[in-house]
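Peer 1: The structure follows.
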Number of protein chains: 2
Amino acid sequence: MAAKPLDQLCVNTIRTLAMDAVQQANSGHPGMPMGMADVAYVLWTRFLKHNPANPAWPNRDRFVLSAGHGSMLLYSLLHLTGYDLPLEELQRFRQWGSRTPGHPEYGLTPGVETTTGPLGQGIANAVGMAIAERFLAATFNRPGLPLFDHFTYAIVSDGDLMEGISHEAASLAGHLKLGKLICLYDDNEISIEGSTDLTFTENVPARFAAYGWHVQEVDGHDHSQIEAALRAAQAETERPSLIACHTHIAFGSPNKQNSASAHGEPLGEDEVRLTKQALGCPPDAHFCIPDEALGVFRQALPQGARAEEEWNRLLDAYRAAHPQEAQLLDTLWAGKLPEGWQQALPSFEPDPGGMATRQASGVVLNALAPVLPTLIGGSADLAPSNNTLLKGFPDFQAATPAGRNMRFGVREHGMGGILNGMALHGGLLPYGGTFMVFSDYMRPSVRLAALMHLPVVYVWTHDSVWIGEDGPTHQPIEHLAALRAIPNLAVIRPADANETAAAWRVALERRTGPTALALTRQKLPVLAGTRRDAAETVARGGYVLADCEGLPRLILIASGSEVHLALEAREQLAQQGLAVRVVSMPCWSLFDAQPVAYREAVLPPEVTARLAIEAGVAQGWDKYVGAFGDVLSLEHFGASAPYKVLAEQFGFTPCAVVERALRLLR
Amino acid sequence: MAAKPLDQLCVNTIRTLAMDAVQQANSGHPGMPMGMADVAYVLWTRFLKHNPANPAWPNRDRFVLSAGHGSMLLYSLLHLTGYDLPLEELQRFRQWGSRTPGHPEYGLTPGVETTTGPLGQGIANAVGMAIAERFLAATFNRPGLPLFDHFTYAIVSDGDLMEGISHEAASLAGHLKLGKLICLYDDNEISIEGSTDLTFTENVPARFAAYGWHVQEVDGHDHSQIEAALRAAQAETERPSLIACHTHIAFGSPNKQNSASAHGEPLGEDEVRLTKQALGCPPDAHFCIPDEALGVFRQALPQGARAEEEWNRLLDAYRAAHPQEAQLLDTLWAGKLPEGWQQALPSFEPDPGGMATRQASGVVLNALAPVLPTLIGGSADLAPSNNTLLKGFPDFQAATPAGRNMRFGVREHGMGGILNGMALHGGLLPYGGTFMVFSDYMRPSVRLAALMHLPVVYVWTHDSVWIGEDGPTHQPIEHLAALRAIPNLAVIRPADANETAAAWRVALERRTGPTALALTRQKLPVLAGTRRDAAETVARGGYVLADCEGLPRLILIASGSEVHLALEAREQLAQQGLAVRVVSMPCWSLFDAQPVAYREAVLPPEVTARLAIEAGVAQGWDKYVGAFGDVLSLEHFGASAPYKVLAEQFGFTPCAVVERALRLLR
């Protein structure tokens, strides 16, 4: 059915803004915003519950542009509906310092719910947001007081749906029956290399039906079809919805509609003019926003204000009836943790037999669970090994949505994207575990967590070759180095149970980025010194764990399990009369952030005989051992054998450390 | 239908070997081999075309154990059918130096076609192998001379099918109509955390049907059903086949059958005995192989010898009729390249305007395509940007199976696993491209290529923040460091077109591991010096590109685009009378492999004023600049703006380099 003229004007306003901005930047993706303008218009003006004056309103609908390259679609909508994004910003698309970067960036632009661009991430984020909504609703809503009650919408592209992460996230969403998740699929049959016939001929609706989704197909340029499908999707509460919208990329462009060339490059000035003509817009006007169109979009402001006011009345009633819960929500929404939560952190008695740090992590998690009611997470099917289960708490399942144990399945990447969505939603403290070697499977999501400054915690156990028999496919070698290389990811590798508790404390207090915990499979002694000091020392990234009188002749630096090797070597060296210091260095980035005076107190510049020990590649340790130091490392893949045999074979014994250390003093 | 007693004895022999080996190692996964023993037995004794006496026979069927944790299933079959894997090796399961590591390792154990364990990889490898078979058949087979004509079988688990990579690979396999790919799905409804009801309730058969697969379901313990399904799968030539085999994990174990605890730990001695009793096997015999059973399995030897003999006769006929093609195949199968191929490598005239190294790479690829007839590859939907298209050659599609342009779709991880499978099959020179930032999406497959020593080439373009407007989601920062950290992956970042040609040469000559090419989006000058020397210098990883008289006071070290920054800074410093050397360092690992004398000639120990320049994290450069050196690096994420603006803002200008360099001399 043809849209009404005013609707058409509004939609074409989105199209022309997108065309103009991309043309002005001489860079960008005009085709997708032009193709999906109708769908987005119907969604944003007839369904989306949001308040452009307050992008932080907790109960707003979430909107995710998974196809982030179509950023001008989102920027246009944000400007038009009244977010704090002036037209000048659209005119500075993709320029230094603008709030309209090439792909949408969370935290930079009001109303952008997540950073997208790497395909497939957005749909996983949306699944995480829908999980968060359902969990918060189940946990906090009370009869007649539905504090949390919103939809999560996502626009997804062919590219999104080709990525494995979208399969993982969609399969889990179907399993969890996330009825308030609605994905609008831009089914335009074009990707960068050309027609999707080249490579993507699967039956997407049938695939999503197999995942347990509610699936519809519509003409993506027919407003009444779009509206009807959105209503049906909202009405379907048991299944997430996919609406396949058949669209034409670069809709309206006489020469580029339905062509791959419209995907990722400007239409060209002539074609922009021709397209405006074809759409019935003034061909020579740029960034033109007709008043009548703006009037339609800007209704979002009073509507949003009313919606939020209503919700605030609800919140007042809730506050009166449930003051404790309301206070907790205030705290969480401010990005804080309940006061005094640290007192629940366990400390561990010195114990030469000890325990694996993964086990200590499990003890810590379970001690914290009662005092942190929105601590929620799980593992990618390795819960018994990752020690991620919160005992006595139910699973998060369709039938038990207040459950706190997530069952991610063997879907590390999906887990990563979902954790990001949970953190983005707000109110939750999400964590997720797998073997450290499989951090590779979720790396793109980890990077985005770091880029978005999301407080997600990764529980990566089996953190070295010392996992033993499972062999090289399961033994991380390069992972510590590769993870430390990611800006704003804190990688903490604690040396014993108390350092593990301290690492959890750092991770949960860190609200500006993700934290990775690297934890052992094997038992480690619980050290005498860590019980008292770990909370402070781990937060500093590195510290003197064992020392000598006066200036040491030699410093041994290590992280995690290798700290114990350093301590044993120190004993042997002391017997030879050598003054040796052992530095435990659980986290480079935290150490690097300390004042010079502290760092030089730990690693005095005059002590140049320094040996770092780590069961992984040496890359990056040079920075701490200096030009005259050395690194006892593993520069090759591991092998399948009991780990004590591997330690002998790979030269990670106290004797080998002593020998290597003494070489530095020759 | 009940199996015949002898068949049952054979199957139970597999089961008891698996139980015993895991019990003896006190570590491993007994449940899967016991559950899939029937399916594997029927496949291996009634269908699999192989010659245990020659695991390298080119036209053997390929068998992939994607569920690599069930390694004892494979080791049992290899031993029983007569591969060079003595029983003693099974008794040394998971021990140092054995050929029976925890997960199957390619190159270590005869008959193991690929290294598996990280879930989802095996099925992608199998897709790659099936692609290789089809391409080689289309390229080399002649009427009446079907040199390449084999099936690819894979056993896949619930875990495999949850992983995103399996979705990507399966979707592409369906698109390509790989009718000779047959996957046997161990549908046992158990994963590590428990029942698949916890998280994996999608309709797998419907999902695969949506991908365009031929789908069947069987009782995985009914030999006649299994056999009939395999026959039907073989008969279906237009679609890949999935046979969902309903099985019981740890089949036969009175107390552990159908339980998650049987997945990843030994049954326990008592339960092993009880299980043997239940299966009708002598309860106290260990590693027991009844002669009658062995007799059945060992028929594989004469059958395999006959099959290979027949094929050799075919090859002789082929050799007579098509000597040139046969010679090419001999060369390729020996892991060599056609003689004189290097002469096709282009060289580029010095040009201050220059070209992007991605563009140079495209020129090189197209120059090599005619002389390397099995050079085959493509991009994850970025061919126009990655310059990976072989112009004038058709696509590899169902209708054009001799095509050499792969259309991987937006499926980086699937591409990675498929490239590995293509390399594993033999005969092919596979390559694949995407943006460097998305190397993260395929990292687990890259790691496996390195672990397996596979000669795969990655074309990773847009290799730095200098991609500009696309912004931080698309700008690699930590990627060079993170990739260099992977053992046995050669990361080469050429500085101009001639270094790019040389990098391709290194990559194709390197038969012991994968090579990553890091290539620019932006144009770079073609340098005067590289034309003559690049072939040698790039192979050495680092070399003196521009020098001064006598010993330099300062060394600037850089890779890729930053080499030009170093050269400009050197000019400015020379004007100040400073003797400066510029070292181009395209590949750390190649440089590290040079003799000390060479390395010290390039980086003389007495010159301690060294500045490395790279538009990425500094991690690892300390090793080359030493304790008194410095690194001009980017320690944060990028931003969306034209790249020349970013260079100014991030301090990557000749003036900034000069200033930083001079600080070293103060």
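Residue numbering restarts at 1 in every chain; chains get A, B, ... in the order shown in the structure tokens, and ligands count up from 1 in that same order.
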Quick one: residues within 12 Å of Ala574 in chain A, only C-alpha atoms, excluding same-chain residues fewer than 3 positions away - as a PyMOL selection string?
Peer 2: chain A and resi 546-549+552-554+566-571+577-582+658+662
Peer 1: Pick out the residues sitting within 12 Å of Ile249 in chain B, and hand them over as a PDB file with N, CA and C atoms, in the first residue's frame; count only C-alpha atoms, and ignore anything fewer than 6 positions along from it in its own chain.
Peer 2:
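Output below, filename result.pdb:
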ATOM      1  N   ARG B  15      34.680 -49.748  21.909  1.00  0.00           N
ATOM      2  CA  ARG B  15      34.245 -49.190  23.200  1.00  0.00           C
ATOM      3  C   ARG B  15      35.231 -49.522  24.315  1.00  0.00           C
ATOM      4  N   HIS B  29      37.993 -38.535  27.397  1.00  0.00           N
ATOM      5  CA  HIS B  29      36.558 -38.476  27.096  1.00  0.00           C
ATOM      6  C   HIS B  29      36.065 -39.828  26.592  1.00  0.00           C
ATOM      7  N   PRO B  30      35.581 -40.684  27.481  1.00  0.00           N
ATOM      8  CA  PRO B  30      35.139 -42.008  27.035  1.00  0.00           C
ATOM      9  C   PRO B  30      33.753 -42.010  26.387  1.00  0.00           C
ATOM     10  N   GLY B  31      32.895 -41.081  26.775  1.00  0.00           N
ATOM     11  CA  GLY B  31      31.484 -41.175  26.425  1.00  0.00           C
ATOM     12  C   GLY B  31      31.213 -41.135  24.935  1.00  0.00           C
ATOM     13  N   MET B  32      31.877 -40.239  24.244  1.00  0.00           N
ATOM     14  CA  MET B  32      31.613 -40.064  22.824  1.00  0.00           C
ATOM     15  C   MET B  32      32.050 -41.283  22.006  1.00  0.00           C
ATOM     16  N   PRO B  33      33.277 -41.803  22.191  1.00  0.00           N
ATOM     17  CA  PRO B  33      33.657 -42.995  21.425  1.00  0.00           C
ATOM     18  C   PRO B  33      32.701 -44.167  21.655  1.00  0.00           C
ATOM     19  N   MET B  34      32.223 -44.311  22.896  1.00  0.00           N
ATOM     20  CA  MET B  34      31.308 -45.413  23.188  1.00  0.00           C
ATOM     21  C   MET B  34      29.956 -45.189  22.494  1.00  0.00           C
ATOM     22  N   GLY B  35      29.535 -43.929  22.471  1.00  0.00           N
ATOM     23  CA  GLY B  35      28.243 -43.627  21.857  1.00  0.00           C
ATOM     24  C   GLY B  35      28.268 -43.726  20.338  1.00  0.00           C
ATOM     25  N   MET B  36      29.382 -43.324  19.743  1.00  0.00           N
ATOM     26  CA  MET B  36      29.449 -43.274  18.284  1.00  0.00           C
ATOM     27  C   MET B  36      30.147 -44.492  17.681  1.00  0.00           C
ATOM     28  N   ALA B  37      30.432 -45.468  18.488  1.00  0.00           N
ATOM     29  CA  ALA B  37      31.174 -46.633  17.991  1.00  0.00           C
ATOM     30  C   ALA B  37      30.415 -47.336  16.861  1.00  0.00           C
ATOM     31  N   ASP B  38      29.092 -47.468  17.005  1.00  0.00           N
ATOM     32  CA  ASP B  38      28.326 -48.151  15.958  1.00  0.00           C
ATOM     33  C   ASP B  38      28.416 -47.400  14.635  1.00  0.00           C
ATOM     34  N   GLY B  70      36.703 -36.890  21.271  1.00  0.00           N
ATOM     35  CA  GLY B  70      36.503 -38.339  21.170  1.00  0.00           C
ATOM     36  C   GLY B  70      37.662 -39.020  20.460  1.00  0.00           C
ATOM     37  N   SER B 157      29.510 -33.060  16.723  1.00  0.00           N
ATOM     38  CA  SER B 157      28.805 -33.198  17.995  1.00  0.00           C
ATOM     39  C   SER B 157      27.862 -32.022  18.223  1.00  0.00           C
ATOM     40  N   ASP B 158      27.082 -32.116  19.291  1.00  0.00           N
ATOM     41  CA  ASP B 158      26.254 -30.972  19.681  1.00  0.00           C
ATOM     42  C   ASP B 158      27.109 -29.714  19.811  1.00  0.00           C
ATOM     43  N   ASP B 186      26.431 -36.658  16.002  1.00  0.00           N
ATOM     44  CA  ASP B 186      26.275 -37.433  17.235  1.00  0.00           C
ATOM     45  C   ASP B 186      25.242 -36.730  18.109  1.00  0.00           C
ATOM     46  N   ASP B 187      24.005 -37.057  17.855  1.00  0.00           N
ATOM     47  CA  ASP B 187      22.885 -36.360  18.498  1.00  0.00           C
ATOM     48  C   ASP B 187      22.581 -37.076  19.822  1.00  0.00           C
ATOM     49  N   ASN B 188      23.452 -36.821  20.815  1.00  0.00           N
ATOM     50  CA  ASN B 188      23.284 -37.561  22.074  1.00  0.00           C
ATOM     51  C   ASN B 188      22.651 -36.731  23.178  1.00  0.00           C
ATOM     52  N   GLU B 189      22.347 -35.480  22.856  1.00  0.00           N
ATOM     53  CA  GLU B 189      21.599 -34.619  23.787  1.00  0.00           C
ATOM     54  C   GLU B 189      22.319 -34.367  25.109  1.00  0.00           C
ATOM     55  N   ILE B 190      23.650 -34.520  25.080  1.00  0.00           N
ATOM     56  CA  ILE B 190      24.428 -34.268  26.300  1.00  0.00           C
ATOM     57  C   ILE B 190      25.598 -33.362  25.960  1.00  0.00           C
ATOM     58  N   SER B 191      25.788 -32.309  26.735  1.00  0.00           N
ATOM     59  CA  SER B 191      27.056 -31.587  26.650  1.00  0.00           C
ATOM     60  C   SER B 191      27.610 -31.455  28.065  1.00  0.00           C
ATOM     61  N   ILE B 192      28.703 -30.716  28.212  1.00  0.00           N
ATOM     62  CA  ILE B 192      29.426 -30.775  29.489  1.00  0.00           C
ATOM     63  C   ILE B 192      28.560 -30.360  30.671  1.00  0.00           C
ATOM     64  N   GLY B 194      25.433 -30.623  30.981  1.00  0.00           N
ATOM     65  CA  GLY B 194      24.280 -31.496  31.222  1.00  0.00           C
ATOM     66  C   GLY B 194      23.500 -31.738  29.948  1.00  0.00           C
ATOM     67  N   SER B 195      22.197 -31.890  30.072  1.00  0.00           N
ATOM     68  CA  SER B 195      21.340 -32.129  28.919  1.00  0.00           C
ATOM     69  C   SER B 195      21.370 -30.924  27.987  1.00  0.00           C
ATOM     70  N   GLY B 220      21.294 -44.257  16.051  1.00  0.00           N
ATOM     71  CA  GLY B 220      22.750 -44.361  15.909  1.00  0.00           C
ATOM     72  C   GLY B 220      23.329 -45.657  16.440  1.00  0.00           C
ATOM     73  N   HIS B 221      22.469 -46.562  16.862  1.00  0.00           N
ATOM     74  CA  HIS B 221      22.957 -47.877  17.284  1.00  0.00           C
ATOM     75  C   HIS B 221      22.399 -48.988  16.399  1.00  0.00           C
ATOM     76  N   ASN B 255      25.803 -47.267  34.759  1.00  0.00           N
ATOM     77  CA  ASN B 255      25.526 -46.109  35.613  1.00  0.00           C
ATOM     78  C   ASN B 255      25.837 -44.757  34.976  1.00  0.00           C
ATOM     79  N   LYS B 256      26.520 -44.759  33.847  1.00  0.00           N
ATOM     80  CA  LYS B 256      26.922 -43.464  33.281  1.00  0.00           C
ATOM     81  C   LYS B 256      26.358 -43.190  31.892  1.00  0.00           C
ATOM     82  N   GLN B 257      25.749 -44.210  31.284  1.00  0.00           N
ATOM     83  CA  GLN B 257      25.145 -43.962  29.975  1.00  0.00           C
ATOM     84  C   GLN B 257      24.167 -42.786  30.080  1.00  0.00           C
ATOM     85  N   ASN B 258      24.188 -41.920  29.068  1.00  0.00           N
ATOM     86  CA  ASN B 258      23.305 -40.744  29.014  1.00  0.00           C
ATOM     87  C   ASN B 258      23.594 -39.712  30.089  1.00  0.00           C
ATOM     88  N   SER B 259      24.790 -39.732  30.661  1.00  0.00           N
ATOM     89  CA  SER B 259      25.079 -38.720  31.688  1.00  0.00           C
ATOM     90  C   SER B 259      26.255 -37.847  31.276  1.00  0.00           C
ATOM     91  N   ALA B 260      26.186 -36.578  31.678  1.00  0.00           N
ATOM     92  CA  ALA B 260      27.234 -35.620  31.315  1.00  0.00           C
ATOM     93  C   ALA B 260      28.573 -36.019  31.923  1.00  0.00           C
ATOM     94  N   SER B 261      28.536 -36.747  33.035  1.00  0.00           N
ATOM     95  CA  SER B 261      29.797 -37.097  33.703  1.00  0.00           C
ATOM     96  C   SER B 261      30.620 -38.045  32.835  1.00  0.00           C
ATOM     97  N   ALA B 262      29.988 -38.721  31.890  1.00  0.00           N
ATOM     98  CA  ALA B 262      30.736 -39.628  31.012  1.00  0.00           C
ATOM     99  C   ALA B 262      31.440 -38.874  29.894  1.00  0.00           C
ATOM    100  N   HIS B 263      31.126 -37.574  29.780  1.00  0.00           N
ATOM    101  CA  HIS B 263      31.700 -36.823  28.666  1.00  0.00           C
ATOM    102  C   HIS B 263      33.205 -36.666  28.805  1.00  0.00           C
ATOM    103  N   GLY B 264      33.626 -36.114  29.931  1.00  0.00           N
ATOM    104  CA  GLY B 264      35.016 -35.666  30.013  1.00  0.00           C
ATOM    105  C   GLY B 264      35.839 -36.252  31.133  1.00  0.00           C
ATOM    106  N   LEU B 267      35.515 -43.360  33.344  1.00  0.00           N
ATOM    107  CA  LEU B 267      34.330 -43.950  33.966  1.00  0.00           C
ATOM    108  C   LEU B 267      34.628 -44.391  35.397  1.00  0.00           C
TER     109      LEU B 267
END
Peer 1: Excluding Ile226 in chain A and its own-chain neighbours fewer than 3 positions away, which residues fall within 10 Å of it when counting only C-alpha atoms? Please give them as an mmCIF file with C-alpha atoms, in the first residue's frame.
Peer 2:
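Ended up saving to result-v6.cif:
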data_model
loop_
_atom_site.group_PDB
_atom_site.id
_atom_site.type_symbol
_atom_site.label_atom_id
_atom_site.label_comp_id
_atom_site.auth_asym_id
_atom_site.auth_seq_id
_atom_site.Cartn_x
_atom_site.Cartn_y
_atom_site.Cartn_z
ATOM 1 C CA ASP A 38 10.645 3.087 5.535
ATOM 2 C CA VAL A 39 11.056 0.338 8.097
ATOM 3 C CA ALA A 40 12.966 2.564 10.494
ATOM 4 C CA TYR A 41 10.456 5.361 10.081
ATOM 5 C CA VAL A 42 7.511 3.138 10.954
ATOM 6 C CA LEU A 43 9.360 1.694 13.917
ATOM 7 C CA LEU A 184 14.075 -6.343 11.418
ATOM 8 C CA GLN A 216 7.307 -12.898 9.113
ATOM 9 C CA GLU A 217 8.082 -11.477 5.696
ATOM 10 C CA VAL A 218 7.019 -8.051 4.464
ATOM 11 C CA ASP A 219 7.573 -5.582 1.678
ATOM 12 C CA GLY A 220 10.023 -3.275 3.410
ATOM 13 C CA HIS A 221 8.647 -0.254 1.617
ATOM 14 C CA ASP A 222 4.993 -0.860 2.523
ATOM 15 C CA HIS A 223 4.234 0.996 5.740
ATOM 16 C CA ALA A 229 4.193 -7.148 11.271
ATOM 17 C CA LEU A 230 5.524 -5.102 14.168
ATOM 18 C CA ARG A 231 2.154 -5.409 15.920
ATOM 19 C CA ALA A 232 2.168 -9.158 15.423
ATOM 20 C CA ILE A 243 10.679 -9.697 10.282
ATOM 21 C CA ALA A 244 12.310 -10.202 6.906
ATOM 22 C CA CYS A 245 11.865 -6.885 5.134
#
Peer 1: Choose the residue, out of B:Ala495, B:Leu337, B:Met415, B:Leu329, that has the smallest atom-to-atom separation from Thr139 in chain B; count only C-alpha atoms.
Peer 2: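 Smallest distance to Thr139 in chain B is found for B:Leu329.
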Peer 1: Can you tell me which residues surround Leu198 in chain A at a distance of at most 10 Å, considering only C-alpha atoms, apart from same-chain residues fewer than 3 positions away, and format the answer as an MDAnalysis selection string?
Peer 2: (chainID A and resid 189:191 193:195 201) or (chainID B and resid 175:176 381 395:397 406:409)
Peer 1: If we count only C-alpha atoms, what is near Val363 in chain B at a cut-off of 9 Å, once residues fewer than 5 positions away on the same chain are taken out, given as a PDB file with C-alpha atoms, in the first residue's frame?
Peer 2:
ATOM      1  CA  PRO B 346      55.954  -8.509 -11.022  1.00  0.00           C
ATOM      2  CA  ARG B 358      46.658  -4.092  -1.137  1.00  0.00           C
ATOM      3  CA  LEU B 368      50.711 -15.471 -10.447  1.00  0.00           C
ATOM      4  CA  ASN B 387      42.008  -6.928  -4.084  1.00  0.00           C
ATOM      5  CA  ALA B 501      55.643  -8.968  -4.203  1.00  0.00           C
TER       6      ALA B 501
END
Peer 1: Out of range 339-574 of chain B, which residues get strand (DSSP E) from DSSP, as a ChimeraX atom specification?
Peer 2: /B:351-356,375-379,405-407,429-435,457-461,490-492,515-519,523-526,543-546,554-558
Peer 1: In Å to one decimal, how far is CA of Arg521 in chain A from CA of Leu389 in chain A?
Peer 2: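 Separation of CA of Leu389 in chain A and CA of Arg521 in chain A: 16.0 Å.
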Peer 1: I need the residues in range 290-522 of chain A that are helix (DSSP H, G or I) according to DSSP; give them as a VMD selection string.
Peer 2: chain A and resid 291 to 298 300 to 321 323 to 333 341 to 344 357 to 368 383 to 386 412 to 425 436 to 452 465 to 470 472 to 474 479 to 484 497 to 509
Peer 1: Set the distance at 6 Å and use only C-alpha atoms: which residues neighbour Ala641 in chain A once local chain neighbours fewer than 4 positions away are removed? I'd like the list as a list in words.
Peer 2: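 My reading of the contact set: Gly468 and Glu469 of chain A; Arg94, Gln95 and Trp96 of chain B.
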Peer 1: Just N, CA and C atoms for this one: save the residues we selected as an mmCIF file, in the first residue's frame.
Peer 2:
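result_7.cif written:
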data_model
loop_
_atom_site.group_PDB
_atom_site.id
_atom_site.type_symbol
_atom_site.label_atom_id
_atom_site.label_comp_id
_atom_site.auth_asym_id
_atom_site.auth_seq_id
_atom_site.Cartn_x
_atom_site.Cartn_y
_atom_site.Cartn_z
ATOM 1 N N GLY A 468 47.892 -29.564 30.738
ATOM 2 C CA GLY A 468 48.386 -30.927 30.583
ATOM 3 C C GLY A 468 47.797 -31.741 29.460
ATOM 4 N N GLU A 469 47.100 -32.799 29.815
ATOM 5 C CA GLU A 469 46.747 -33.866 28.858
ATOM 6 C C GLU A 469 45.904 -33.405 27.674
ATOM 7 N N ARG B 94 47.608 -39.850 25.779
ATOM 8 C CA ARG B 94 47.783 -38.594 26.521
ATOM 9 C C ARG B 94 49.105 -38.518 27.293
ATOM 10 N N GLN B 95 50.112 -39.320 26.873
ATOM 11 C CA GLN B 95 51.395 -39.262 27.569
ATOM 12 C C GLN B 95 52.442 -38.568 26.697
ATOM 13 N N TRP B 96 53.452 -38.068 27.343
ATOM 14 C CA TRP B 96 54.536 -37.364 26.670
ATOM 15 C C TRP B 96 55.136 -38.225 25.566
#
Peer 1: Which residues are close to Arg510 in chain B, i.e. within 10 Å by only C-alpha atoms, leaving aside same-chain residues fewer than 6 positions away? Reply as a PyMOL selection string.
Peer 2: chain B and resi 453-457+490+504
Peer 1: Which residue is closest to chain B? Choose from A:Tyr106, A:Phe348, A:Trp466, A:Tyr441 and count only C-alpha atoms.
Peer 2: A:Tyr441
